[in-house]
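Chemist: Data: structure25.txt, compact mmCIF, C-alpha atoms.
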```txt
# COMPACT_ATOMS: atom_id res chain seq x y z
CA MET E 219 72.04 90.29 89.43
CA SER E 220 71.56 93.96 90.18
CA ASP E 221 68.67 96.18 89.17
CA SER E 222 69.50 96.84 85.56
CA ARG E 223 66.65 99.20 84.83
CA VAL E 224 68.84 102.22 85.39
CA PRO E 225 68.40 104.63 82.49
CA LEU E 226 71.56 104.78 80.45
CA THR E 227 71.01 107.71 78.20
CA GLN E 228 74.43 109.32 78.38
CA PRO E 229 77.80 107.67 77.84
CA PRO E 230 80.25 108.26 80.69
CA ALA E 231 82.56 111.19 80.23
CA ALA E 232 85.80 110.74 78.36
CA GLY E 233 88.67 109.60 80.54
CA SER E 234 86.35 108.01 83.05
CA LEU E 235 88.91 105.36 83.87
CA PRO E 236 91.82 107.49 84.99
CA GLY E 237 95.02 106.14 86.42
CA PRO E 238 96.21 106.90 89.92
CA SER E 239 96.55 110.58 90.61
CA VAL E 240 99.31 112.19 92.57
CA SER E 241 98.06 114.69 95.08
CA ASP E 242 99.06 118.31 94.64
CA ALA E 243 100.85 118.29 98.00
CA ALA E 244 102.91 115.24 97.02
CA ALA E 245 103.79 116.79 93.66
CA ILE E 246 104.87 120.04 95.36
CA GLU E 247 107.03 118.12 97.81
CA ASP E 248 108.55 116.14 94.93
CA ARG E 249 109.27 119.40 93.13
CA ALA E 250 111.06 120.84 96.18
CA LEU E 251 113.13 117.66 96.59
CA LEU E 252 113.92 117.64 92.89
CA ASP E 253 115.13 121.27 93.00
CA ARG E 254 117.54 120.33 95.81
CA ALA E 255 118.63 117.11 94.08
CA GLN E 256 119.36 119.00 90.87
CA VAL E 257 121.96 121.14 92.67
CA GLY E 258 123.69 118.09 94.14
CA ASP E 259 121.76 117.32 97.33
CA VAL E 260 122.07 113.51 97.48
CA GLU E 261 119.79 113.25 100.52
CA ALA E 262 117.01 114.94 98.57
CA PHE E 263 117.44 112.39 95.78
CA GLU E 264 117.35 109.58 98.32
CA SER E 265 114.07 110.98 99.61
CA LEU E 266 112.67 110.87 96.07
CA VAL E 267 113.81 107.24 95.81
CA GLU E 268 112.09 106.44 99.10
CA ARG E 269 108.85 108.11 97.98
CA HIS E 270 108.63 106.37 94.60
CA LYS E 271 110.33 103.00 95.02
CA ASP E 272 107.21 101.00 95.93
CA ARG E 273 105.09 102.15 93.00
CA LEU E 274 107.98 101.70 90.59
CA PHE E 275 108.61 98.23 91.96
CA GLY E 276 104.91 97.37 91.65
CA LEU E 277 104.86 98.42 88.00
CA ALA E 278 108.10 96.59 87.20
CA LEU E 279 107.01 93.45 89.05
CA ARG E 280 103.69 93.22 87.21
CA MET E 281 105.36 93.88 83.87
CA THR E 282 108.26 91.47 84.24
CA ARG E 283 106.58 88.98 86.62
CA SER E 284 109.95 88.52 88.32
CA GLU E 285 111.10 90.10 91.59
CA ALA E 286 114.73 89.93 90.51
CA ASP E 287 114.03 91.63 87.17
CA ALA E 288 111.77 94.18 88.85
CA ALA E 289 114.50 95.05 91.38
CA GLU E 290 116.96 95.60 88.53
CA VAL E 291 114.45 97.74 86.64
CA VAL E 292 114.04 99.93 89.73
CA GLN E 293 117.80 100.21 90.21
CA ASP E 294 118.42 101.11 86.57
CA THR E 295 115.54 103.57 86.62
CA PHE E 296 116.75 105.54 89.62
CA LEU E 297 120.31 105.52 88.31
CA ALA E 298 119.13 106.83 84.93
CA ALA E 299 117.01 109.44 86.69
CA TYR E 300 119.99 110.59 88.77
CA GLN E 301 122.28 110.75 85.75
CA ASN E 302 119.72 112.84 83.88
CA LEU E 303 118.53 115.00 86.76
CA LYS E 304 120.02 118.20 85.39
CA ARG E 305 118.36 117.66 82.03
CA PHE E 306 114.93 117.16 83.60
CA ARG E 307 113.14 120.47 83.23
CA GLY E 308 110.16 119.65 85.36
CA GLU E 309 107.51 119.94 82.65
CA ALA E 310 106.04 116.68 83.93
CA ALA E 311 105.87 115.49 87.53
CA PHE E 312 108.93 113.63 88.81
CA GLY E 313 106.75 110.57 89.43
CA SER E 314 105.48 110.50 85.85
CA TRP E 315 109.00 110.89 84.55
CA VAL E 316 110.50 108.00 86.52
CA HIS E 317 107.49 105.81 85.75
CA ARG E 318 108.08 106.31 82.05
CA ILE E 319 111.76 105.43 82.47
CA ALA E 320 110.80 102.30 84.42
CA ALA E 321 108.17 101.30 81.87
CA ASN E 322 110.73 101.66 79.07
CA ASN E 323 113.30 99.65 81.03
CA ALA E 324 110.79 96.88 81.69
CA LEU E 325 109.67 96.84 78.05
CA MET E 326 113.27 96.53 76.85
CA ARG E 327 113.79 93.64 79.23
CA LEU E 328 110.63 91.93 77.98
CA ARG E 329 111.59 92.41 74.34
CA HIS E 330 114.86 90.65 75.05
CA GLN E 331 113.12 87.77 76.84
CA ARG E 332 110.48 87.43 74.15
CA VAL E 333 113.10 86.20 71.71
CA VAL E 334 113.55 83.06 73.77
CA GLU E 335 110.13 82.75 75.41
CA ALA E 336 107.16 82.32 73.11
CA ALA E 337 103.90 83.54 74.62
CA THR E 338 101.74 80.60 75.51
CA GLU E 339 98.93 82.31 77.35
CA GLU E 340 95.45 82.60 75.89
CA LEU E 341 93.09 85.48 76.32
CA LEU E 342 89.80 84.82 78.01
CA ALA E 343 86.78 86.49 76.44
CA PRO E 344 83.01 86.33 76.82
CA GLU E 345 81.26 83.80 74.61
CA PHE E 346 78.28 84.52 72.41
CA THR E 347 75.49 82.54 70.77
CA GLU E 348 75.14 82.40 67.00
CA ARG E 349 72.75 85.33 67.23
CA GLY E 350 75.30 87.41 69.11
CA SER E 351 73.72 87.17 72.56
CA LEU E 352 75.81 86.59 75.67
CA ALA E 353 76.11 82.81 76.06
CA GLU E 354 76.49 83.12 79.80
CA VAL E 355 74.57 85.69 81.80
CA PRO E 356 76.61 87.38 84.57
CA GLU E 357 75.41 85.94 87.89
CA VAL E 358 76.78 88.58 90.19
CA ASP E 359 77.19 92.32 89.77
CA TRP E 360 80.45 92.77 91.65
CA SER E 361 81.12 96.26 90.35
CA ARG E 362 80.42 97.88 93.71
CA ARG E 363 83.32 95.99 95.25
CA ALA E 364 85.56 98.51 93.51
CA ASP E 365 84.35 101.17 95.98
CA GLU E 366 84.76 99.13 99.15
CA LYS E 367 87.33 100.41 101.61
CA VAL E 368 89.17 97.14 102.05
CA LEU E 369 89.94 94.90 99.11
CA ASP E 370 89.39 91.22 99.86
CA GLU E 371 92.80 89.53 100.01
CA GLU E 372 91.69 86.51 97.97
CA LEU E 373 90.20 88.79 95.34
CA GLY E 374 93.45 90.76 95.25
CA ARG E 375 95.38 87.55 94.70
CA ALA E 376 93.02 86.49 91.92
CA ILE E 377 93.46 89.85 90.20
CA ARG E 378 97.26 89.68 90.47
CA GLN E 379 97.22 86.16 89.03
CA GLY E 380 94.81 87.27 86.31
CA THR E 381 97.05 90.19 85.40
CA ASP E 382 100.15 88.02 85.36
CA ALA E 383 98.31 85.58 83.07
CA LEU E 384 97.60 88.23 80.44
CA PRO E 385 99.69 87.54 77.34
CA GLU E 386 102.76 89.61 76.57
CA GLY E 387 101.81 92.78 74.78
CA TYR E 388 98.39 92.87 76.41
CA ARG E 389 99.60 92.91 80.02
CA GLU E 390 101.89 95.87 79.40
CA VAL E 391 99.15 97.88 77.71
CA PHE E 392 96.74 97.17 80.55
CA LEU E 393 99.28 98.14 83.22
CA LEU E 394 100.45 101.28 81.47
CA LYS E 395 96.94 102.53 80.70
CA ASP E 396 94.70 101.31 83.45
CA VAL E 397 97.13 101.19 86.36
CA GLU E 398 99.66 103.88 85.45
CA GLY E 399 97.23 106.18 83.65
CA MET E 400 99.43 106.86 80.63
CA SER E 401 97.87 108.14 77.42
CA TYR E 402 97.21 105.95 74.39
CA GLU E 403 99.72 107.98 72.42
CA GLU E 404 102.49 107.53 75.00
CA ILE E 405 101.91 103.79 75.15
CA ALA E 406 101.80 103.48 71.37
CA GLU E 407 105.12 105.30 71.10
CA MET E 408 106.74 103.25 73.87
CA MET E 409 105.60 99.93 72.46
CA GLY E 410 106.04 100.77 68.79
CA ILE E 411 102.42 100.00 67.88
CA SER E 412 99.51 102.12 66.65
CA VAL E 413 96.96 103.81 68.92
CA PRO E 414 94.14 101.57 67.55
CA ALA E 415 96.30 98.53 68.37
CA VAL E 416 96.78 99.84 71.93
CA LYS E 417 93.02 100.28 72.30
CA SER E 418 92.29 96.85 70.91
CA ARG E 419 94.77 95.19 73.27
CA LEU E 420 93.46 97.18 76.23
CA HIS E 421 89.89 96.16 75.50
CA ARG E 422 90.81 92.50 75.19
CA ALA E 423 92.94 92.63 78.35
CA ARG E 424 90.07 94.21 80.30
CA LEU E 425 87.67 91.57 79.00
CA ALA E 426 90.08 88.79 79.98
CA LEU E 427 90.66 90.18 83.46
CA ARG E 428 86.95 90.79 83.89
CA GLU E 429 86.35 87.11 83.10
CA LYS E 430 88.88 86.13 85.79
CA ILE E 431 87.21 88.33 88.40
CA ASP E 432 83.80 87.04 87.37
CA ALA E 433 85.02 83.46 87.75
CA PHE E 434 86.34 84.34 91.21
CA TYR E 435 82.90 85.56 92.30
CA LYS E 436 81.20 82.50 90.84
CA GLU E 437 83.43 80.30 92.97
CA VAL E 438 82.82 82.11 96.27
CA MET G 182 70.05 98.19 67.58
CA PHE G 183 73.28 96.41 68.58
CA ASN G 184 73.26 92.83 69.86
CA CYS G 185 75.29 91.75 72.92
CA LYS G 186 78.39 90.94 70.88
CA GLU G 187 78.42 94.29 69.10
CA SER G 188 77.73 96.12 72.36
CA ILE G 189 80.56 94.44 74.25
CA HIS G 190 82.87 94.91 71.28
CA SER G 191 82.16 98.67 71.51
CA LEU G 192 82.46 99.05 75.29
CA LEU G 193 85.92 100.61 75.40
CA GLU G 194 84.96 103.39 73.03
CA TYR G 195 81.61 103.78 74.79
CA VAL G 196 82.98 104.20 78.31
CA GLU G 197 85.51 106.70 76.96
CA GLY G 198 82.85 108.64 75.08
CA GLU G 199 84.44 107.94 71.70
CA LEU G 200 81.55 106.23 69.90
CA SER G 201 79.74 108.19 67.22
CA GLU G 202 76.36 109.54 68.25
CA SER G 203 74.50 106.95 66.18
CA GLN G 204 76.59 104.04 67.51
CA ALA G 205 76.19 105.24 71.11
CA LEU G 206 72.43 105.39 70.55
CA GLU G 207 72.36 101.83 69.18
CA LEU G 208 74.35 100.62 72.17
CA GLN G 209 72.15 102.50 74.65
CA GLU G 210 69.05 100.99 73.05
CA HIS G 211 70.54 97.56 73.52
CA LEU G 212 71.42 98.29 77.16
CA GLN G 213 67.89 99.45 77.88
CA ALA G 214 66.62 96.06 76.72
CA CYS G 215 69.42 93.83 78.01
CA PRO G 216 70.02 93.74 81.81
CA PRO G 217 72.88 91.19 81.47
CA CYS G 218 74.79 93.62 79.27
CA VAL G 219 74.23 96.41 81.81
CA ASP G 220 75.80 94.21 84.48
CA PHE G 221 78.55 93.31 82.05
CA MET G 222 79.29 96.97 81.41
CA LYS G 223 79.35 97.80 85.11
CA THR G 224 81.83 95.02 85.82
CA TYR G 225 83.89 95.96 82.74
CA ARG G 226 84.22 99.47 84.12
CA ALA G 227 85.00 98.20 87.63
CA THR G 228 87.80 95.91 86.40
CA PRO G 229 90.55 98.57 86.10
CA GLN G 230 89.47 100.15 89.39
CA LEU G 231 89.81 96.84 91.20
CA ALA G 232 93.10 96.12 89.44
CA ARG G 233 94.60 99.43 90.54
CA ARG G 234 93.80 98.56 94.14
CA ALA G 235 95.00 94.98 93.88
CA LEU G 236 98.28 95.77 92.18
CA VAL G 237 99.76 97.88 94.94
CA ASN G 238 103.08 96.43 95.99
CA GLU G 239 105.64 97.26 98.60
CA MET G 240 109.22 96.65 97.65
CA PRO G 241 110.51 93.88 99.96
CA SER G 242 112.92 95.22 102.59
CA GLU G 243 115.86 93.13 101.40
CA LEU G 244 115.44 94.54 97.89
CA VAL G 245 115.21 98.06 99.31
CA SER G 246 118.51 97.48 101.10
CA LYS G 247 120.08 96.25 97.86
CA LEU G 248 118.70 99.23 95.97
CA LYS G 249 120.15 101.66 98.50
CA ALA G 250 123.51 99.89 98.50
CA PHE G 251 123.55 99.94 94.68
CA LEU G 252 122.76 103.65 94.53
CA ARG G 253 125.40 104.42 97.14
CA THR G 254 128.05 102.82 94.94
CA LYS G 255 126.90 104.85 91.95
CA ILE G 256 126.11 108.13 93.69
CA PRO G 257 128.86 109.07 96.11
CA PRO G 258 127.88 111.57 98.81
CA LYS G 259 129.05 115.13 98.13
```
What would you get if you wrote out this structure as structure tokens?
Modeler:
Amino acid sequence: MSDSRVPLTQPPAAGSLPGPSVSDAAAIEDRALLDRAQVGDVEAFESLVERHKDRLFGLALRMTRSEADAAEVVQDTFLAAYQNLKRFRGEAAFGSWVHRIAANNALMRLRHQRVVEAATEELLAPEFTERGSLAEVPEVDWSRRADEKVLDEELGRAIRQGTDALPEGYREVFLLKDVEGMSYEEIAEMMGISVPAVKSRLHRARLALREKIDAFYKEV
Amino acid sequence: MFNCKESIHSLLEYVEGELSESQALELQEHLQACPPCVDFMKTYRATPQLARRALVNEMPSELVSKLKAFLRTKIPPK
């Protein structure tokens, strides 16, 4: 266990768990490509596809848990983006725009599947004694691993499995907030639930994934 | 002062600075006296950071080829 006698007098600043940021240079390049694509330059649009396909695929894959579904989400997303290019006024970054389209596509696909597939997964959570104390004391403080340059491959696999094991409704919230960096309000609107419900699901998803990572470190 | 359960229940709002002043104080008092909860909080905060790094995917080349072929059928060159 780490030295826990660090004074903790101030809560961390709001938004201390931001999603991935797009560099200014990348956003400027996207903007230039978008301007060309909007006047019919197909090569410019293809460049945008090339620049964003991997992150869109990653989001779709983790949401749908199926490569085939994820590939279709990416296809439908880029087609929808192309068909609506002229209506896109550039108030948001191109990347944010296509990620929202992809998230909506993946959510629609999941809603359809949910009719036939009942969620069977359970959420892991810390256990407490009757007096409300942690039943199991964390053995390892692995928080610093988040800053290491290279992520351990086995840890990465455990996290991917842990994310995939999150129940429907929780996994999407976790991915959209903690991986994509969307706002609570955007997620609530997309998923048709309240902001407090988004926060509750996010908290429980983080706790569950934290338990998975903790279990990984206990095993090594 | 909060116990462990109440503290962990409030972690999301705490790390985002959304707890009321009095609740944040109760949680901080608990953290000062409970090293396991400090470790818990650190790992709770590290979880999304690790996930962002672990969930990076490259689209497999055969799917990229399919994507490009699909878009070519829908978007004819001008």
Chemist: Only residues of chain G matter here; which ones have an atom within 7 Å of chain E, counting only C-alpha atoms? Give them as a PyMOL selection string.
Modeler: chain G and resi 184-186+193+195-198+209+213+216-217+219-221+223-225+227-233+235-240+244+248+252+258
Chemist: Rounded to one decimal place, report the atom CA of E:Asp253-atom CA of G:Lys249 distance in Å.
Modeler: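 A separation of 21.0 Å between them.
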Chemist: Would you mind telling me which residue in G:Val245, G:Met182, G:Ala214, G:Leu208 lies nearest to G:Glu194 when using only C-alpha atoms?
Modeler: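 Ranking G:Val245, G:Met182, G:Ala214, G:Leu208 by distance to G:Glu194, first place goes to G:Leu208.
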Chemist: Work out how far apart atom CA of G:Thr254 and atom CA of E:Ala244 are and give it in Å to one decimal.
Modeler: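 Interatomic distance, atom CA of G:Thr254 to atom CA of E:Ala244: 28.1 Å.
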Chemist: One decimal, in Å: what's the spacing between atom CA of E:Ala250 and atom CA of E:Ala278?
Modeler: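 Separating atom CA of E:Ala250 from atom CA of E:Ala278 is a distance of 26.0 Å.
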Chemist: Because some atoms of stretch 224-239 of chain G are absent here, can you restore N, CA and C atoms and send them as an mmCIF file, in the frame of the given file?
Modeler:
```cif
data_model
loop_
_atom_site.group_PDB
_atom_site.id
_atom_site.type_symbol
_atom_site.label_atom_id
_atom_site.label_comp_id
_atom_site.auth_asym_id
_atom_site.auth_seq_id
_atom_site.Cartn_x
_atom_site.Cartn_y
_atom_site.Cartn_z
ATOM 1 N N THR G 224 80.658 95.775 85.357
ATOM 2 C CA THR G 224 81.830 95.020 85.820
ATOM 3 C C THR G 224 83.048 95.289 84.927
ATOM 4 N N TYR G 225 82.786 95.569 83.656
ATOM 5 C CA TYR G 225 83.890 95.960 82.740
ATOM 6 C C TYR G 225 84.526 97.247 83.243
ATOM 7 N N ARG G 226 83.696 98.188 83.637
ATOM 8 C CA ARG G 226 84.220 99.470 84.120
ATOM 9 C C ARG G 226 84.892 99.324 85.481
ATOM 10 N N ALA G 227 84.424 98.387 86.283
ATOM 11 C CA ALA G 227 85.000 98.200 87.630
ATOM 12 C C ALA G 227 86.343 97.467 87.567
ATOM 13 N N THR G 228 86.591 96.750 86.481
ATOM 14 C CA THR G 228 87.800 95.910 86.400
ATOM 15 C C THR G 228 89.090 96.712 86.594
ATOM 16 N N PRO G 229 89.303 97.823 85.859
ATOM 17 C CA PRO G 229 90.550 98.570 86.100
ATOM 18 C C PRO G 229 90.619 99.181 87.492
ATOM 19 N N GLN G 230 89.470 99.560 88.035
ATOM 20 C CA GLN G 230 89.470 100.150 89.390
ATOM 21 C C GLN G 230 89.936 99.120 90.414
ATOM 22 N N LEU G 231 89.402 97.904 90.284
ATOM 23 C CA LEU G 231 89.810 96.840 91.200
ATOM 24 C C LEU G 231 91.284 96.491 90.990
ATOM 25 N N ALA G 232 91.704 96.478 89.728
ATOM 26 C CA ALA G 232 93.100 96.120 89.440
ATOM 27 C C ALA G 232 94.054 97.135 90.066
ATOM 28 N N ARG G 233 93.712 98.410 89.955
ATOM 29 C CA ARG G 233 94.600 99.430 90.540
ATOM 30 C C ARG G 233 94.773 99.197 92.038
ATOM 31 N N ARG G 234 93.711 98.776 92.692
ATOM 32 C CA ARG G 234 93.800 98.560 94.140
ATOM 33 C C ARG G 234 94.547 97.269 94.462
ATOM 34 N N ALA G 235 94.375 96.275 93.592
ATOM 35 C CA ALA G 235 95.000 94.980 93.880
ATOM 36 C C ALA G 235 96.489 94.969 93.554
ATOM 37 N N LEU G 236 96.907 95.854 92.666
ATOM 38 C CA LEU G 236 98.280 95.770 92.180
ATOM 39 C C LEU G 236 99.227 96.717 92.903
ATOM 40 N N VAL G 237 98.868 97.060 94.126
ATOM 41 C CA VAL G 237 99.760 97.880 94.940
ATOM 42 C C VAL G 237 100.775 96.956 95.598
ATOM 43 N N ASN G 238 102.030 97.279 95.409
ATOM 44 C CA ASN G 238 103.080 96.430 95.990
ATOM 45 C C ASN G 238 104.028 97.254 96.836
ATOM 46 N N GLU G 239 104.542 96.643 97.871
ATOM 47 C CA GLU G 239 105.640 97.260 98.600
ATOM 48 C C GLU G 239 106.896 96.541 98.191
#
```
